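*Asks:* This is my_file.cif (mmCIF, C-alpha atoms and all ligand atoms).
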data_structure
#
loop_
_atom_site.group_PDB
_atom_site.id
_atom_site.type_symbol
_atom_site.label_atom_id
_atom_site.label_comp_id
_atom_site.auth_asym_id
_atom_site.auth_seq_id
_atom_site.Cartn_x
_atom_site.Cartn_y
_atom_site.Cartn_z
ATOM 1 C CA MET S 164 37.720 10.588 -67.365
ATOM 2 C CA SER S 165 36.003 13.571 -65.919
ATOM 3 C CA GLU S 166 32.583 11.783 -66.259
ATOM 4 C CA GLN S 167 33.912 8.802 -64.284
ATOM 5 C CA THR S 168 35.227 11.160 -61.623
ATOM 6 C CA THR S 169 31.791 12.763 -61.392
ATOM 7 C CA ASN S 170 30.092 9.318 -61.033
ATOM 8 C CA ASN S 171 32.551 8.290 -58.317
ATOM 9 C CA HIS S 172 31.879 11.558 -56.535
ATOM 10 C CA GLU S 173 28.043 11.029 -56.697
ATOM 11 C CA SER S 174 28.240 7.432 -55.507
ATOM 12 C CA GLY S 175 30.487 8.596 -52.656
ATOM 13 C CA GLN S 176 27.834 11.155 -51.673
ATOM 14 C CA LYS S 177 25.099 8.491 -51.788
ATOM 15 C CA ALA S 178 27.202 6.160 -49.633
ATOM 16 C CA THR S 179 27.783 8.976 -47.148
ATOM 17 C CA LYS S 180 24.066 9.811 -47.123
ATOM 18 C CA ARG S 181 23.168 6.170 -46.394
ATOM 19 C CA ARG S 182 25.660 6.067 -43.485
ATOM 20 C CA GLU S 183 24.194 9.310 -42.023
ATOM 21 C CA MET S 184 20.617 7.942 -42.175
ATOM 22 C CA SER S 185 21.746 4.785 -40.490
ATOM 23 C CA ARG S 186 23.468 6.759 -37.711
ATOM 24 C CA ARG S 187 20.340 8.845 -37.188
ATOM 25 C CA GLN S 188 18.203 5.748 -36.914
ATOM 26 C CA PHE S 189 20.643 4.198 -34.478
ATOM 27 C CA LEU S 190 20.618 7.355 -32.367
ATOM 28 C CA SER S 191 16.836 7.653 -32.396
ATOM 29 C CA TYR S 192 16.400 3.993 -31.427
ATOM 30 C CA THR S 193 18.977 4.307 -28.664
ATOM 31 C CA LEU S 194 17.568 7.551 -27.302
ATOM 32 C CA GLY S 195 13.998 6.314 -27.666
ATOM 33 C CA GLY S 196 14.822 3.107 -25.791
ATOM 34 C CA ALA S 197 16.652 4.964 -23.038
ATOM 35 C CA GLY S 198 13.778 7.444 -22.747
ATOM 36 C CA ALA S 199 11.215 4.663 -22.511
ATOM 37 C CA PHE S 200 13.327 2.904 -19.880
ATOM 38 C CA MET S 201 13.607 6.073 -17.777
ATOM 39 C CA ALA S 202 9.911 6.862 -18.215
ATOM 40 C CA GLY S 203 9.094 3.324 -17.095
ATOM 41 C CA GLY S 204 11.203 3.861 -13.992
ATOM 42 C CA VAL S 205 9.013 6.831 -13.080
ATOM 43 C CA VAL S 206 5.608 5.677 -14.290
ATOM 44 C CA ILE S 207 5.603 2.061 -13.043
ATOM 45 C CA PRO S 208 6.110 2.966 -9.344
ATOM 46 C CA MET S 209 3.374 5.617 -9.699
ATOM 47 C CA LEU S 210 1.014 3.077 -11.235
ATOM 48 C CA ARG S 211 1.850 0.591 -8.527
ATOM 49 C CA PHE S 212 1.212 3.219 -5.830
ATOM 50 C CA ALA S 213 -2.136 4.042 -7.433
ATOM 51 C CA VAL S 214 -3.307 0.459 -7.787
ATOM 52 C CA ASP S 215 -1.679 -1.209 -4.770
ATOM 53 C CA PRO S 216 -4.383 -0.478 -2.142
ATOM 54 C CA ILE S 217 -6.994 -1.985 -4.452
ATOM 55 C CA LEU S 218 -4.966 -5.178 -4.817
ATOM 56 C CA GLN S 219 -4.249 -5.574 -1.111
ATOM 57 C CA PRO S 220 -6.478 -8.085 0.697
ATOM 58 C CA LYS S 221 -8.826 -6.352 3.121
ATOM 59 C CA ALA S 222 -8.066 -6.795 6.814
ATOM 60 C CA GLU S 223 -11.333 -8.595 7.393
ATOM 61 C CA GLY S 224 -11.535 -11.052 10.215
ATOM 62 C CA THR S 225 -9.129 -9.105 12.419
ATOM 63 C CA PHE S 226 -9.799 -9.560 16.139
ATOM 64 C CA VAL S 227 -9.038 -6.905 18.741
ATOM 65 C CA LYS S 228 -8.369 -7.514 22.438
ATOM 66 C CA VAL S 229 -11.173 -5.704 24.291
ATOM 67 C CA ALA S 230 -11.408 -6.980 27.876
ATOM 68 C CA ALA S 231 -10.169 -9.519 30.384
ATOM 69 C CA VAL S 232 -12.424 -12.556 30.816
ATOM 70 C CA ASP S 233 -12.787 -11.881 34.551
ATOM 71 C CA GLN S 234 -14.283 -8.443 33.781
ATOM 72 C CA ILE S 235 -17.283 -10.081 32.106
ATOM 73 C CA THR S 236 -20.363 -10.935 34.184
ATOM 74 C CA GLU S 237 -23.959 -11.846 33.417
ATOM 75 C CA GLU S 238 -24.778 -8.126 33.653
ATOM 76 C CA PRO S 239 -24.005 -6.493 30.261
ATOM 77 C CA ALA S 240 -21.287 -3.843 30.394
ATOM 78 C CA SER S 241 -20.089 -1.553 27.629
ATOM 79 C CA PHE S 242 -16.468 -1.637 26.418
ATOM 80 C CA SER S 243 -14.812 0.768 23.972
ATOM 81 C CA PHE S 244 -12.042 -0.272 21.627
ATOM 82 C CA ASN S 245 -10.328 0.887 18.447
ATOM 83 C CA VAL S 246 -10.122 -0.961 15.168
ATOM 84 C CA ARG S 247 -7.790 -0.295 12.250
ATOM 85 C CA GLN S 248 -9.771 0.347 9.059
ATOM 86 C CA VAL S 249 -8.116 0.567 5.654
ATOM 87 C CA ASP S 250 -10.343 1.847 2.878
ATOM 88 C CA GLY S 251 -8.196 2.198 -0.252
ATOM 89 C CA TRP S 252 -5.710 4.927 0.669
ATOM 90 C CA TYR S 253 -7.586 6.065 3.788
ATOM 91 C CA VAL S 254 -6.478 4.540 7.097
ATOM 92 C CA SER S 255 -8.425 5.277 10.286
ATOM 93 C CA ASP S 256 -8.832 3.951 13.833
ATOM 94 C CA PRO S 257 -12.476 4.514 14.770
ATOM 95 C CA THR S 258 -13.673 3.769 18.286
ATOM 96 C CA LEU S 259 -16.359 1.097 18.574
ATOM 97 C CA VAL S 260 -18.495 0.117 21.535
ATOM 98 C CA ALA S 261 -19.739 -3.355 22.440
ATOM 99 C CA TRP S 262 -22.069 -4.564 25.162
ATOM 100 C CA ILE S 263 -20.470 -7.737 26.506
ATOM 101 C CA SER S 264 -21.958 -10.253 28.922
ATOM 102 C CA LYS S 265 -22.219 -13.961 29.737
ATOM 103 C CA ASP S 266 -25.310 -16.060 29.175
ATOM 104 C CA ALA S 267 -26.676 -18.586 31.719
ATOM 105 C CA GLN S 268 -24.231 -21.218 30.378
ATOM 106 C CA GLY S 269 -21.251 -18.921 30.880
ATOM 107 C CA ASN S 270 -20.762 -18.196 27.146
ATOM 108 C CA ILE S 271 -19.450 -14.712 26.457
ATOM 109 C CA PHE S 272 -21.221 -12.725 23.759
ATOM 110 C CA ALA S 273 -21.057 -9.113 22.570
ATOM 111 C CA LEU S 274 -23.811 -7.002 21.049
ATOM 112 C CA SER S 275 -23.549 -3.908 18.889
ATOM 113 C CA PRO S 276 -25.106 -0.821 20.520
ATOM 114 C CA VAL S 277 -26.482 0.427 17.199
ATOM 115 C CA CYS S 278 -30.265 0.457 17.318
ATOM 116 C CA LYS S 279 -31.814 -1.336 14.348
ATOM 117 C CA HIS S 280 -34.514 1.313 14.021
ATOM 118 C CA LEU S 281 -32.552 4.382 12.924
ATOM 119 C CA GLY S 282 -29.084 3.855 14.376
ATOM 120 C CA CYS S 283 -29.055 5.581 17.787
ATOM 121 C CA ALA S 284 -27.033 3.953 20.598
ATOM 122 C CA VAL S 285 -28.872 1.673 22.996
ATOM 123 C CA ASN S 286 -28.072 1.402 26.719
ATOM 124 C CA TRP S 287 -28.593 -1.409 29.174
ATOM 125 C CA ASN S 288 -31.268 -1.157 31.835
ATOM 126 C CA THR S 289 -31.817 2.594 31.714
ATOM 127 C CA ASN S 290 -35.619 2.608 31.428
ATOM 128 C CA PRO S 291 -37.519 1.325 34.524
ATOM 129 C CA GLN S 292 -40.381 0.371 32.224
ATOM 130 C CA TYR S 293 -38.120 -2.158 30.464
ATOM 131 C CA LYS S 294 -36.107 -3.641 33.281
ATOM 132 C CA ASP S 295 -33.095 -5.749 32.288
ATOM 133 C CA GLN S 296 -33.417 -4.770 28.662
ATOM 134 C CA TYR S 297 -31.549 -2.574 26.211
ATOM 135 C CA PHE S 298 -33.385 0.672 25.608
ATOM 136 C CA CYS S 299 -32.990 3.212 22.811
ATOM 137 C CA PRO S 300 -33.675 6.798 23.941
ATOM 138 C CA CYS S 301 -34.487 8.073 20.456
ATOM 139 C CA HIS S 302 -37.831 6.434 19.746
ATOM 140 C CA GLY S 303 -38.220 3.881 22.521
ATOM 141 C CA ALA S 304 -37.061 0.624 20.914
ATOM 142 C CA HIS S 305 -36.132 -2.020 23.474
ATOM 143 C CA TYR S 306 -34.388 -5.363 23.266
ATOM 144 C CA THR S 307 -33.805 -8.401 25.476
ATOM 145 C CA LYS S 308 -30.353 -9.251 26.853
ATOM 146 C CA ASP S 309 -29.792 -11.453 23.767
ATOM 147 C CA GLY S 310 -30.666 -8.508 21.521
ATOM 148 C CA LEU S 311 -34.162 -9.628 20.498
ATOM 149 C CA ASN S 312 -36.176 -6.643 19.261
ATOM 150 C CA MET S 313 -39.343 -6.186 21.379
ATOM 151 C CA ALA S 314 -40.791 -2.988 19.830
ATOM 152 C CA ILE S 315 -40.165 -0.261 17.231
ATOM 153 C CA ALA S 316 -36.962 -1.753 15.806
ATOM 154 C CA PRO S 317 -37.446 -4.127 12.875
ATOM 155 C CA ALA S 318 -34.558 -6.507 13.694
ATOM 156 C CA PRO S 319 -32.430 -7.801 16.587
ATOM 157 C CA LEU S 320 -29.214 -6.041 17.627
ATOM 158 C CA ASP S 321 -26.203 -7.226 15.665
ATOM 159 C CA GLN S 322 -23.427 -9.050 17.467
ATOM 160 C CA PHE S 323 -19.634 -9.120 17.284
ATOM 161 C CA GLN S 324 -17.734 -12.309 16.574
ATOM 162 C CA VAL S 325 -16.032 -13.304 19.834
ATOM 163 C CA GLU S 326 -12.829 -15.194 20.570
ATOM 164 C CA VAL S 327 -11.672 -16.014 24.084
ATOM 165 C CA LYS S 328 -8.018 -16.894 24.533
ATOM 166 C CA GLU S 329 -5.385 -16.598 27.247
ATOM 167 C CA GLY S 330 -7.751 -14.871 29.645
ATOM 168 C CA SER S 331 -8.824 -12.142 27.226
ATOM 169 C CA VAL S 332 -11.881 -11.412 25.116
ATOM 170 C CA TYR S 333 -11.233 -10.523 21.480
ATOM 171 C CA LEU S 334 -13.902 -9.044 19.225
ATOM 172 C CA GLY S 335 -14.035 -9.398 15.454
ATOM 173 C CA PRO S 336 -16.398 -8.313 12.697
ATOM 174 C CA ILE S 337 -20.053 -7.471 13.295
ATOM 175 C CA ILE S 338 -22.446 -10.172 12.133
ATOM 176 C CA PRO S 339 -26.248 -10.626 12.233
ATOM 177 C CA ASN S 340 -27.564 -11.789 15.591
ATOM 178 C CA GLU S 341 -27.341 -15.592 15.854
ATOM 179 C CA ARG S 342 -28.738 -15.821 19.391
ATOM 180 C CA VAL S 343 -32.395 -15.034 18.721
HETATM 181 S S1 LIG S 401 -33.202 4.845 16.573
HETATM 182 FE FE1 LIG S 401 -33.592 3.571 18.232
HETATM 183 S S2 LIG S 401 -35.712 3.646 18.404
HETATM 184 FE FE2 LIG S 401 -35.340 4.881 16.712
#
Kindly present the structure from the file in structure tokens form.
*Replies:*
Amino acid sequence: MSEQTTNNHESGQKATKRREMSRRQFLSYTLGGAGAFMAGGVVIPMLRFAVDPILQPKAEGTFVKVAAVDQITEEPASFSFNVRQVDGWYVSDPTLVAWISKDAQGNIFALSPVCKHLGCAVNWNTNPQYKDQYFCPCHGAHYTKDGLNMAIAPAPLDQFQVEVKEGSVYLGPIIPNERV
């Protein structure tokens, strides 16, 4: 009788032990799941913030209004304008300059002022020796009105893509000179 009582007591302890293990597992799964869910709520937005600028399409091909069409003549004139640049997380609005004029057919075109020798800024018609040409004061490179390199510089001046609409001139990305 007493042996049976002892066996019942032991099996009761084992049953209790099994229930406690099961409760612990349940609690650890529940807490682990809740912890992972909360951690995901914090980590996923951070990951998205870190990666998002890389996934965004670059704002290439954006055109900026620079001048009114009736401001443009056959004599090149310089115009300043700002462009929005997004480089990963860094956003800036640098000022660019373009020399804009019309050709003999009335087509508007815009040249970059950056000398193709070593990058100084060219100016229009500032050296009497090179009349009606762009001249670079740094080492004497000079270019025709279309940007053709005449000396020193190894390549023509680059040009901006141009769009004319509703009486305004819009400039886009810089491209290699297609006029010479
Ligand atoms: S940078 Fe223009 S000539 Fe050298």
*Asks:* Kindly give the distance, in Å, that separates CA of Tyr293 in chain S and CA of Ser243 in chain S, rounded to a single decimal.
*Replies:*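 Separation between CA of Tyr293 in chain S and CA of Ser243 in chain S: 24.4 Å.
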*Asks:* Just want the 8 Å neighbourhood of Phe323 in chain S, counted on only C-alpha atoms, with same-chain residues fewer than 5 positions away dropped. Output as an MDAnalysis selection string.
*Replies:* chainID S and resid 261 272:275 334:338
*Asks:* As a quick test: using all atoms listed in the file, which residues lie no more than 10 Å away from ligand LIG 401 (chain S)? Give them as a list in words.
*Replies:*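 Based on all atoms listed in the file, ligand LIG 401 (chain S) is surrounded within 10 Å by Pro276, Val277, Cys278, Lys279, His280, Leu281, Gly282, Cys283, Ala284, Val285, Phe298, Cys299, Pro300, Cys301, His302, Gly303, Ala304, His305, Ala314, Ile315, Ala316 and Pro317 of chain S.
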*Asks:* Which value, in Å to one decimal, gives the distance between CA of Thr307 in chain S and CA of Gln324 in chain S?
*Replies:*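 Value for the CA of Thr307 in chain S-CA of Gln324 in chain S distance: 18.8 Å.
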*Asks:* As a check of understanding, name the residues that the PyMOL selection byres (((chain S and resi 327) around 12) and not hetatm) selects in the supplied structure, as a count of residues only.
*Replies:* 24
*Asks:* Could you tell me how far CA of Glu237 in chain S lies from CA of Gln268 in chain S, in Å and to one decimal?
*Replies:*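 Atom-to-atom, CA of Glu237 in chain S and CA of Gln268 in chain S are spaced 9.9 Å apart.
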*Asks:* Please write as a list in words the full residue list that the PyMOL selection byres (((chain S and resi 259) around 8) and not hetatm) yields on this file.
*Replies:* Ser243, Phe244, Asn245, Val246, Pro257, Thr258, Val260 and Ala261 of chain S
*Asks:* Output as AutoDock Vina command-line options the centre and edge lengths (Å, one decimal) of the box along x, y and z of the file that holds every listed atom of range 274-291 of chain S after adding 6 Å on each side.
*Replies:*
--center_x -30.5 --center_y -0.7 --center_z 23.7 --size_x 26.0 --size_y 24.6 --size_z 33.6
*Asks:* Could you check which of S:Ser264, S:Ser185, S:Gln248, S:Asn290 is closest to Asp309 in chain S, using all atoms listed in the file?
*Replies:*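 Selected residue with least distance to Asp309 in chain S: S:Ser264.
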*Asks:* Go through the shown structure with the PyMOL selection byres (((chain S and resi 342) around 8) and not hetatm) and write out the matching residues as a PyMOL selection string.
*Replies:* chain S and resi 309-310+340-341+343
*Asks:* Could the residues in this selection be written to a file with C-alpha atoms, as a CSV table (one decimal), in the frame of the given file?
*Replies:*
chain,number,residue,atom,x,y,z
S,309,ASP,CA,-29.8,-11.5,23.8
S,310,GLY,CA,-30.7,-8.5,21.5
S,340,ASN,CA,-27.6,-11.8,15.6
S,341,GLU,CA,-27.3,-15.6,15.9
S,343,VAL,CA,-32.4,-15.0,18.7
